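Notes follow once the structure below has been shown.
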Amino acid sequence: MPACLTGSGLWDRATFPRPHEMIMDVFALFHDRIGSALKSMFPDIADELLARFVVEPPRDAAHGDLSTNAAMIVAKPLGKNPREVAQALAEYFKADPDVASAEPAGPGFLNFRLNAPIWHQVLASVQALGPDFGKSDIGKGERVNVEYVSANPTGPMHVGHTRGAVFGDALASLMAYSGYDVTREYYINDAGSQIDTLAGSTFLRYREALGETIEIPSGFYPGDYLIPVGEALKAEFGDKLLTVPEAERTAIVKERVLAAMMDLIRADLAQLNIHHDVFFSERQLHGKGGDIDLTLGWLREQGMIYEGRLEPPKGKTPDEWEDREQTLFRATDYGDDVDRPLVKSNGSYTYFAADIAYHRNKYLRGFKHMVNVLGADHSGYVKRLEAAVKAVSKGEADIDVRICQLVRLMKNGEPFKMSKRSGDLVTVADVVEEVGSDATRFMLLYRRNDASMDFDFAIVKEQTRDNPVFYVQYAHARTASLFRKATDEVPAMTPVAGESVDFSTLSSSADLELIRTLAQWPRIVASAALAHEPHRVAFYLHELASAFHGFWAKGNTDVALRFINAEDSTLTKARLAMVAAVRQVLNNGLTLLGVSAPDELS
RNA sequence: GACCCCGUAGCUCAGCAGGAUAGAGCACAGGAUUCCUAAUCCUGGGGUCACGCGUUCGAAUCGCGUCGGGGUCACCA
């Protein structure tokens, strides 16, 4: 950045782009400008310090359009008084043509009011960038592996999986939009003993299909969804499987039932509009010379494994605790609470051993950033995974484990009872059928992932303001209805795509307020992506919808604020272009969340 | 016994990498449709940010501790 204040106080064009240039993020733009201002005033200032101050909308709109704490952040290390630094910055920005006023406030804030043209540029940018308004390269093209769902392939998806599925999917979209190279991955737990049980249960269904009367022992999977798999086996093999040696037969049944279960799960996910890039099978890690063998060998070379004994957990000693020497991973060296076993007493690998190998595999595939979305029952697993990734990558890779807390299903304020025994198990398909994919997704994303939540069927189905999904979609539909009306009644005043629009008539406080809300979108997306918090997008959309509904209602009492004004072509065109921008941003946000943006509500 | 998450208005929850008088929706009270979908909007009352101590110019936000709610706790997956 060149120094930009000359002796006469004139500004370098490079520092202040002219109005026709594209403005993606007003806040980022001013962050840059304030940074160069500080640099010109204090040439020795550390870049690290400049990265720390923020430019944001003040909580109280009366304080202006933008606010920065730069003076307070910078003052102390420089041995200056924050208010004086703020004052100096204020003086500096008097020459900025985009700034109407810059006033120090409180302990050293600096509040900016911007001239209307810069807000008009924001509208022009939305218009020009369309779906890309909000897109950024903060991810710098780095590869990220987002693993989510990873439900056991032993049946259709249970509603408990829905939250993680939706969360992971939205997060992946958000990160892709923010410039990460994202891979969406599903880890198929197809190697454990539950799969043997599944195969056994399926074989019973096969015999049933052949006409036998069967009884399903406890511990087996009783679900009806295995019946078609049994029938398919009959169709493929007739009764020949009965005579095949058990080992071979189990292998065949396993193969078929796993494929069938994954089809079931993929279908469930598709109903929620969720699609993965990679389905990674745990089984491929096992076997002689497989990834687990290799990984454990490698860990042993690194001295990360030893043979030793574990203390039984205090307070709640398991009944069948067997004190034995076992193969342990030095998880405590990487921040875990205890070292973790890798080999079971029967000689096979633990689930965690496979998981270490799996995450080493991710690392070797080139992922230095990993995100795992897990259910609340896995919270105790987090430190272990972090330890594994650290060990396996020698600290080069990071993993963020996002735990999705429980969802309590409600009906009219009452907990909705589910029980496996009565077959009253709620599946993803049940929920989607009941309330639809849009509402399911939005409601689950309208909460932080780490707090437990209630999901009330009654509210989700309601079409009122109580229901945020509907509220946001309604705002979008309203923009569409306006355009239908405009095209119909004042076609000459309706802006078309790519048309350059004169926004200068948008000067009322109502107009500018709405535009300021739009202008926040890029920073909201970026911060949501960095923090791995999709709910920020959902909340923003609600805020934007509210701003739009509010503007709409103002037109009811104040004719000057109507969108369509048959006497004023310039104003109407500008207003409609603003509506188009609202529509665009709503669309961009809903798309990221995987929720549709309908033009009409039924 | 240990670990993880949560504790903000009557209810459900936001509060973005500490910042200026803590926000929204519901509920409650009142108001706005000869006017672009009132499926909406506007106004109002309501909070020791669980509690205590600490760090700081400044803490709902960071640290430690206590209390309360939820989840988990060798070899299951």
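FYI, nothing fancy with the structure tokens labels: chains A, B, ... in order, residues from 1 per chain, ligands from 1 as they appear.
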
Expected answer as a ChimeraX atom specification: chain A residues within 7 Å of chain B, only C-alpha atoms (C1' of nucleotides):
/A:106,192,312,314-315,344-345,351,376-377,379-380,450-451,463-464,466,482,527,549-550,553,556,563-564

Non-local contacts of segment 392-403 of chain A (10 Å; only C-alpha atoms (C1' of nucleotides); under 5 positions in same chain excluded) as JSON, numbers by chain:
{"A": [144, 145, 146, 147, 148, 164, 167, 168, 295, 298, 299, 302, 304, 334, 356, 357, 359, 360, 361, 362, 363, 364, 366, 367, 368, 369, 370, 371, 372, 373, 374, 375, 376, 377, 378, 379, 381, 382, 383, 385, 386, 387, 449, 450, 451, 532, 533], "B": [4, 5]}

Selection to disk with N, CA and C atoms (P, O5', C5', C4', C3', O3' and C1' of nucleotides), as a compact mmCIF listing (two decimals), in the first residue's frame:
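Contents of the output file out29.txt:
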```txt
# COMPACT_ATOMS: atom_id res chain seq x y z
N VAL A 144 -10.45 -28.81 2.06
CA VAL A 144 -11.07 -29.14 3.34
C VAL A 144 -11.92 -30.39 3.16
N ASN A 145 -11.79 -31.29 4.10
CA ASN A 145 -12.64 -32.47 4.09
C ASN A 145 -13.72 -32.29 5.14
N VAL A 146 -14.96 -32.27 4.70
CA VAL A 146 -16.06 -32.16 5.65
C VAL A 146 -16.76 -33.52 5.71
N GLU A 147 -16.64 -34.15 6.85
CA GLU A 147 -17.26 -35.46 7.02
C GLU A 147 -18.53 -35.30 7.83
N TYR A 148 -19.63 -35.77 7.29
CA TYR A 148 -20.88 -35.66 8.04
C TYR A 148 -21.83 -36.80 7.72
N GLY A 164 -27.18 -33.27 12.10
CA GLY A 164 -25.80 -33.30 11.64
C GLY A 164 -25.72 -33.31 10.13
N PHE A 167 -26.57 -29.78 8.93
CA PHE A 167 -25.50 -28.88 9.36
C PHE A 167 -24.26 -29.06 8.49
N GLY A 168 -23.84 -30.31 8.34
CA GLY A 168 -22.63 -30.58 7.57
C GLY A 168 -22.77 -30.13 6.13
N THR A 295 -0.74 -47.89 9.30
CA THR A 295 -0.76 -46.76 10.22
C THR A 295 -0.19 -47.15 11.58
N TRP A 298 3.45 -47.42 11.38
CA TRP A 298 4.05 -46.07 11.35
C TRP A 298 4.05 -45.45 12.74
N LEU A 299 2.92 -45.56 13.42
CA LEU A 299 2.83 -45.00 14.78
C LEU A 299 3.87 -45.65 15.69
N GLN A 302 7.15 -44.24 15.20
CA GLN A 302 7.26 -42.91 15.78
C GLN A 302 7.25 -42.94 17.30
N MET A 304 4.68 -43.77 19.11
CA MET A 304 3.39 -43.27 19.59
C MET A 304 2.51 -44.39 20.15
N TYR A 334 -1.03 -35.79 23.10
CA TYR A 334 -1.65 -34.84 22.17
C TYR A 334 -2.93 -34.24 22.76
N ILE A 356 -8.04 -43.74 13.33
CA ILE A 356 -6.72 -43.12 13.16
C ILE A 356 -6.24 -43.34 11.73
N ALA A 357 -6.39 -44.56 11.29
CA ALA A 357 -5.97 -44.89 9.92
C ALA A 357 -6.77 -44.07 8.91
N HIS A 359 -8.11 -41.15 9.33
CA HIS A 359 -7.70 -39.74 9.29
C HIS A 359 -6.29 -39.56 8.74
N ARG A 360 -5.49 -40.59 8.88
CA ARG A 360 -4.19 -40.53 8.23
C ARG A 360 -4.40 -40.59 6.72
N ASN A 361 -5.34 -41.42 6.34
CA ASN A 361 -5.69 -41.51 4.92
C ASN A 361 -6.15 -40.16 4.39
N LYS A 362 -6.98 -39.47 5.13
CA LYS A 362 -7.42 -38.13 4.71
C LYS A 362 -6.21 -37.21 4.54
N TYR A 363 -5.34 -37.27 5.52
CA TYR A 363 -4.16 -36.40 5.47
C TYR A 363 -3.31 -36.72 4.25
N LEU A 364 -3.12 -38.01 4.00
CA LEU A 364 -2.29 -38.41 2.86
C LEU A 364 -2.96 -38.09 1.52
N GLY A 366 -4.22 -35.36 1.06
CA GLY A 366 -3.94 -33.94 0.83
C GLY A 366 -4.79 -32.97 1.62
N PHE A 367 -5.54 -33.47 2.59
CA PHE A 367 -6.37 -32.56 3.39
C PHE A 367 -5.61 -32.09 4.62
N LYS A 368 -5.42 -30.79 4.71
CA LYS A 368 -4.81 -30.23 5.91
C LYS A 368 -5.86 -29.63 6.83
N HIS A 369 -7.06 -29.52 6.30
CA HIS A 369 -8.17 -29.07 7.16
C HIS A 369 -9.26 -30.11 7.10
N MET A 370 -9.74 -30.48 8.27
CA MET A 370 -10.82 -31.46 8.32
C MET A 370 -11.88 -30.94 9.27
N VAL A 371 -13.12 -31.22 8.90
CA VAL A 371 -14.23 -30.90 9.79
C VAL A 371 -15.03 -32.18 9.94
N ASN A 372 -15.32 -32.57 11.17
CA ASN A 372 -16.18 -33.72 11.40
C ASN A 372 -17.43 -33.27 12.12
N VAL A 373 -18.55 -33.69 11.61
CA VAL A 373 -19.81 -33.35 12.26
C VAL A 373 -20.31 -34.61 12.96
N LEU A 374 -20.42 -34.54 14.27
CA LEU A 374 -20.82 -35.73 15.03
C LEU A 374 -22.01 -35.42 15.92
N GLY A 375 -22.67 -36.48 16.37
CA GLY A 375 -23.81 -36.33 17.27
C GLY A 375 -23.35 -36.15 18.70
N ALA A 376 -24.28 -35.73 19.54
CA ALA A 376 -23.96 -35.40 20.92
C ALA A 376 -23.35 -36.58 21.67
N ASP A 377 -23.76 -37.79 21.27
CA ASP A 377 -23.24 -38.95 22.00
C ASP A 377 -21.76 -39.19 21.71
N HIS A 378 -21.19 -38.43 20.80
CA HIS A 378 -19.78 -38.59 20.49
C HIS A 378 -18.90 -37.51 21.12
N SER A 379 -19.49 -36.72 22.00
CA SER A 379 -18.71 -35.60 22.52
C SER A 379 -17.44 -36.08 23.23
N TYR A 381 -15.57 -38.19 22.25
CA TYR A 381 -14.66 -38.71 21.24
C TYR A 381 -13.78 -37.61 20.64
N VAL A 382 -14.14 -36.37 20.93
CA VAL A 382 -13.52 -35.22 20.28
C VAL A 382 -12.01 -35.14 20.51
N LYS A 383 -11.62 -35.21 21.77
CA LYS A 383 -10.20 -35.06 22.08
C LYS A 383 -9.38 -36.15 21.42
N LEU A 385 -10.03 -37.70 18.62
CA LEU A 385 -9.87 -37.43 17.18
C LEU A 385 -8.84 -36.34 16.95
N GLU A 386 -8.90 -35.31 17.78
CA GLU A 386 -7.94 -34.22 17.64
C GLU A 386 -6.52 -34.75 17.84
N ALA A 387 -6.39 -35.62 18.84
CA ALA A 387 -5.08 -36.21 19.11
C ALA A 387 -4.62 -37.02 17.90
N ASN A 449 -25.30 -25.10 16.54
CA ASN A 449 -25.23 -26.57 16.57
C ASN A 449 -24.95 -27.11 17.97
N ASP A 450 -24.33 -26.31 18.82
CA ASP A 450 -23.89 -26.87 20.09
C ASP A 450 -24.88 -26.65 21.23
N ALA A 451 -26.08 -26.25 20.90
CA ALA A 451 -27.11 -26.17 21.93
C ALA A 451 -28.23 -27.13 21.54
N HIS A 532 -17.31 -21.63 11.09
CA HIS A 532 -18.05 -22.90 10.89
C HIS A 532 -19.42 -22.82 11.55
N GLU A 533 -20.10 -21.73 11.32
CA GLU A 533 -21.40 -21.52 11.95
C GLU A 533 -22.47 -21.10 10.95
P C B 4 -13.30 -30.41 29.34
O5' C B 4 -14.50 -30.61 28.32
C5' C B 4 -14.23 -31.02 26.98
C4' C B 4 -15.53 -31.22 26.24
C3' C B 4 -16.53 -30.08 26.34
O3' C B 4 -16.24 -29.03 25.45
C1' C B 4 -17.64 -32.12 26.73
P C B 5 -16.72 -27.54 25.83
O5' C B 5 -18.30 -27.60 25.59
C5' C B 5 -18.82 -27.70 24.27
C4' C B 5 -20.32 -27.82 24.32
C3' C B 5 -21.04 -26.69 25.05
O3' C B 5 -21.18 -25.54 24.26
C1' C B 5 -21.92 -28.75 25.77
```

Could you give me, as a VMD selection string, each residue of segment 323-374 of chain A that DSSP assigns to helix (DSSP H, G or I) when run on this structure's backbone?
chain A and resid 331 to 334 351 to 364

Can those selected residues be exported to a file as a short mmCIF file (atom, residue, chain, number, x, y, z; two decimals), in the first residue's frame so that it contains N, CA, C and O atoms?
```
data_model
loop_
_atom_site.label_atom_id
_atom_site.label_comp_id
_atom_site.auth_asym_id
_atom_site.auth_seq_id
_atom_site.Cartn_x
_atom_site.Cartn_y
_atom_site.Cartn_z
N ALA A 331 -2.35 -41.03 23.31
CA ALA A 331 -3.23 -39.88 23.07
C ALA A 331 -2.96 -38.74 24.05
O ALA A 331 -3.13 -37.56 23.71
N THR A 332 -2.53 -39.08 25.26
CA THR A 332 -2.29 -38.02 26.24
C THR A 332 -1.17 -37.08 25.80
O THR A 332 -1.13 -35.93 26.22
N ASP A 333 -0.27 -37.56 24.95
CA ASP A 333 0.78 -36.67 24.44
C ASP A 333 0.19 -35.58 23.55
O ASP A 333 0.85 -34.60 23.24
N TYR A 334 -1.03 -35.79 23.10
CA TYR A 334 -1.65 -34.84 22.17
C TYR A 334 -2.93 -34.24 22.76
O TYR A 334 -3.83 -33.86 22.03
N TYR A 351 -12.44 -49.60 17.03
CA TYR A 351 -13.00 -48.62 16.10
C TYR A 351 -12.03 -47.44 15.96
O TYR A 351 -11.84 -46.90 14.87
N PHE A 352 -11.44 -47.07 17.09
CA PHE A 352 -10.55 -45.92 17.08
C PHE A 352 -9.29 -46.17 16.23
O PHE A 352 -8.80 -45.27 15.55
N ALA A 353 -8.80 -47.42 16.28
CA ALA A 353 -7.63 -47.75 15.46
C ALA A 353 -7.95 -47.49 13.99
O ALA A 353 -7.15 -46.90 13.25
N ALA A 354 -9.15 -47.92 13.58
CA ALA A 354 -9.56 -47.68 12.20
C ALA A 354 -9.68 -46.19 11.93
O ALA A 354 -9.32 -45.70 10.86
N ASP A 355 -10.16 -45.46 12.93
CA ASP A 355 -10.35 -44.03 12.75
C ASP A 355 -9.02 -43.29 12.61
O ASP A 355 -8.93 -42.30 11.87
N ILE A 356 -8.04 -43.74 13.33
CA ILE A 356 -6.72 -43.12 13.16
C ILE A 356 -6.24 -43.34 11.73
O ILE A 356 -5.79 -42.41 11.06
N ALA A 357 -6.39 -44.56 11.29
CA ALA A 357 -5.97 -44.89 9.92
C ALA A 357 -6.77 -44.07 8.91
O ALA A 357 -6.22 -43.56 7.92
N TYR A 358 -8.04 -43.93 9.18
CA TYR A 358 -8.90 -43.17 8.27
C TYR A 358 -8.44 -41.71 8.19
O TYR A 358 -8.34 -41.14 7.10
N HIS A 359 -8.11 -41.15 9.33
CA HIS A 359 -7.70 -39.74 9.29
C HIS A 359 -6.29 -39.56 8.74
O HIS A 359 -5.97 -38.53 8.18
N ARG A 360 -5.49 -40.59 8.88
CA ARG A 360 -4.19 -40.53 8.23
C ARG A 360 -4.40 -40.59 6.72
O ARG A 360 -3.75 -39.89 5.95
N ASN A 361 -5.34 -41.42 6.34
CA ASN A 361 -5.69 -41.51 4.92
C ASN A 361 -6.15 -40.16 4.39
O ASN A 361 -5.73 -39.73 3.30
N LYS A 362 -6.98 -39.47 5.13
CA LYS A 362 -7.42 -38.13 4.71
C LYS A 362 -6.21 -37.21 4.54
O LYS A 362 -6.09 -36.48 3.55
N TYR A 363 -5.34 -37.27 5.52
CA TYR A 363 -4.16 -36.40 5.47
C TYR A 363 -3.31 -36.72 4.25
O TYR A 363 -2.86 -35.82 3.53
N LEU A 364 -3.12 -38.01 4.00
CA LEU A 364 -2.29 -38.41 2.86
C LEU A 364 -2.96 -38.09 1.52
O LEU A 364 -2.31 -37.95 0.51
#
```

Expected answer as number ranges by chain: strand (DSSP E or B) residues in segment 115-295 of chain A
A: 133, 135, 143-147, 158, 181-188, 278-281

Report the distance between atom CA of Ile227 of chain A and atom CA of Val253 of chain A in Å, rounded to one decimal place.
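Going from atom CA of Ile227 of chain A over to atom CA of Val253 of chain A, I get 13.0 Å.
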
With distances taken over only C-alpha atoms (C1' of nucleotides), which of A:Arg59, A:Val74, A:Asp268, A:Ala37 is nearest to A22 of chain B?
A:Arg59

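Every protein, DNA or RNA residue with an atom at most 10 Å from Phe416 of chain A, where only C-alpha atoms (C1' of nucleotides) count and chain neighbours fewer than 6 positions away do not, is listed here: Arg408, Leu409, Met410, Val426, Phe455, Asp456 and Phe457 of chain A.
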
So how many Å separate atom CA of Gly211 of chain A and atom CA of Tyr225 of chain A, to one decimal?
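Between atom CA of Gly211 of chain A and atom CA of Tyr225 of chain A the gap works out to 17.8 Å.
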
I'd like the neighbourhood of Val432 of chain A as an NGL selection string, where a residue qualifies if any of its atoms comes within 12 Å (using only C-alpha atoms (C1' of nucleotides)), though same-chain residues fewer than 4 positions away should be ignored.
:A and (157-159 or 162 or 267-273 or 426-428 or 436-441 or 457 or 460-461)

Using only C-alpha atoms: which of A:Met578, A:Leu310, A:Val389, A:Met24 has the shortest distance to Val122 of chain A
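Closest to Val122 of chain A of all the choices is A:Met24.
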
For atom CA of Met453 of chain A and atom C1' of G18 of chain B, determine how far apart the two atoms are, in Å to one decimal place.
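That distance, rounded to one decimal, is 27.5 Å.
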
When you look at U66 of chain B with a cut-off of 12 Å (counting only C-alpha atoms (C1' of nucleotides)), what residues show up, excluding the ones that are within fewer than 4 positions of it in the same chain? I need them as a list in words.
A50, C51, G52 and C53 of chain B

Would you mind telling me which residue in A:Phe483, A:Tyr349, A:Phe42, A:Tyr446 lies nearest to Asn467 of chain A when using only C-alpha atoms?
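Among A:Phe483, A:Tyr349, A:Phe42, A:Tyr446, it is A:Tyr446 that comes nearest to Asn467 of chain A.
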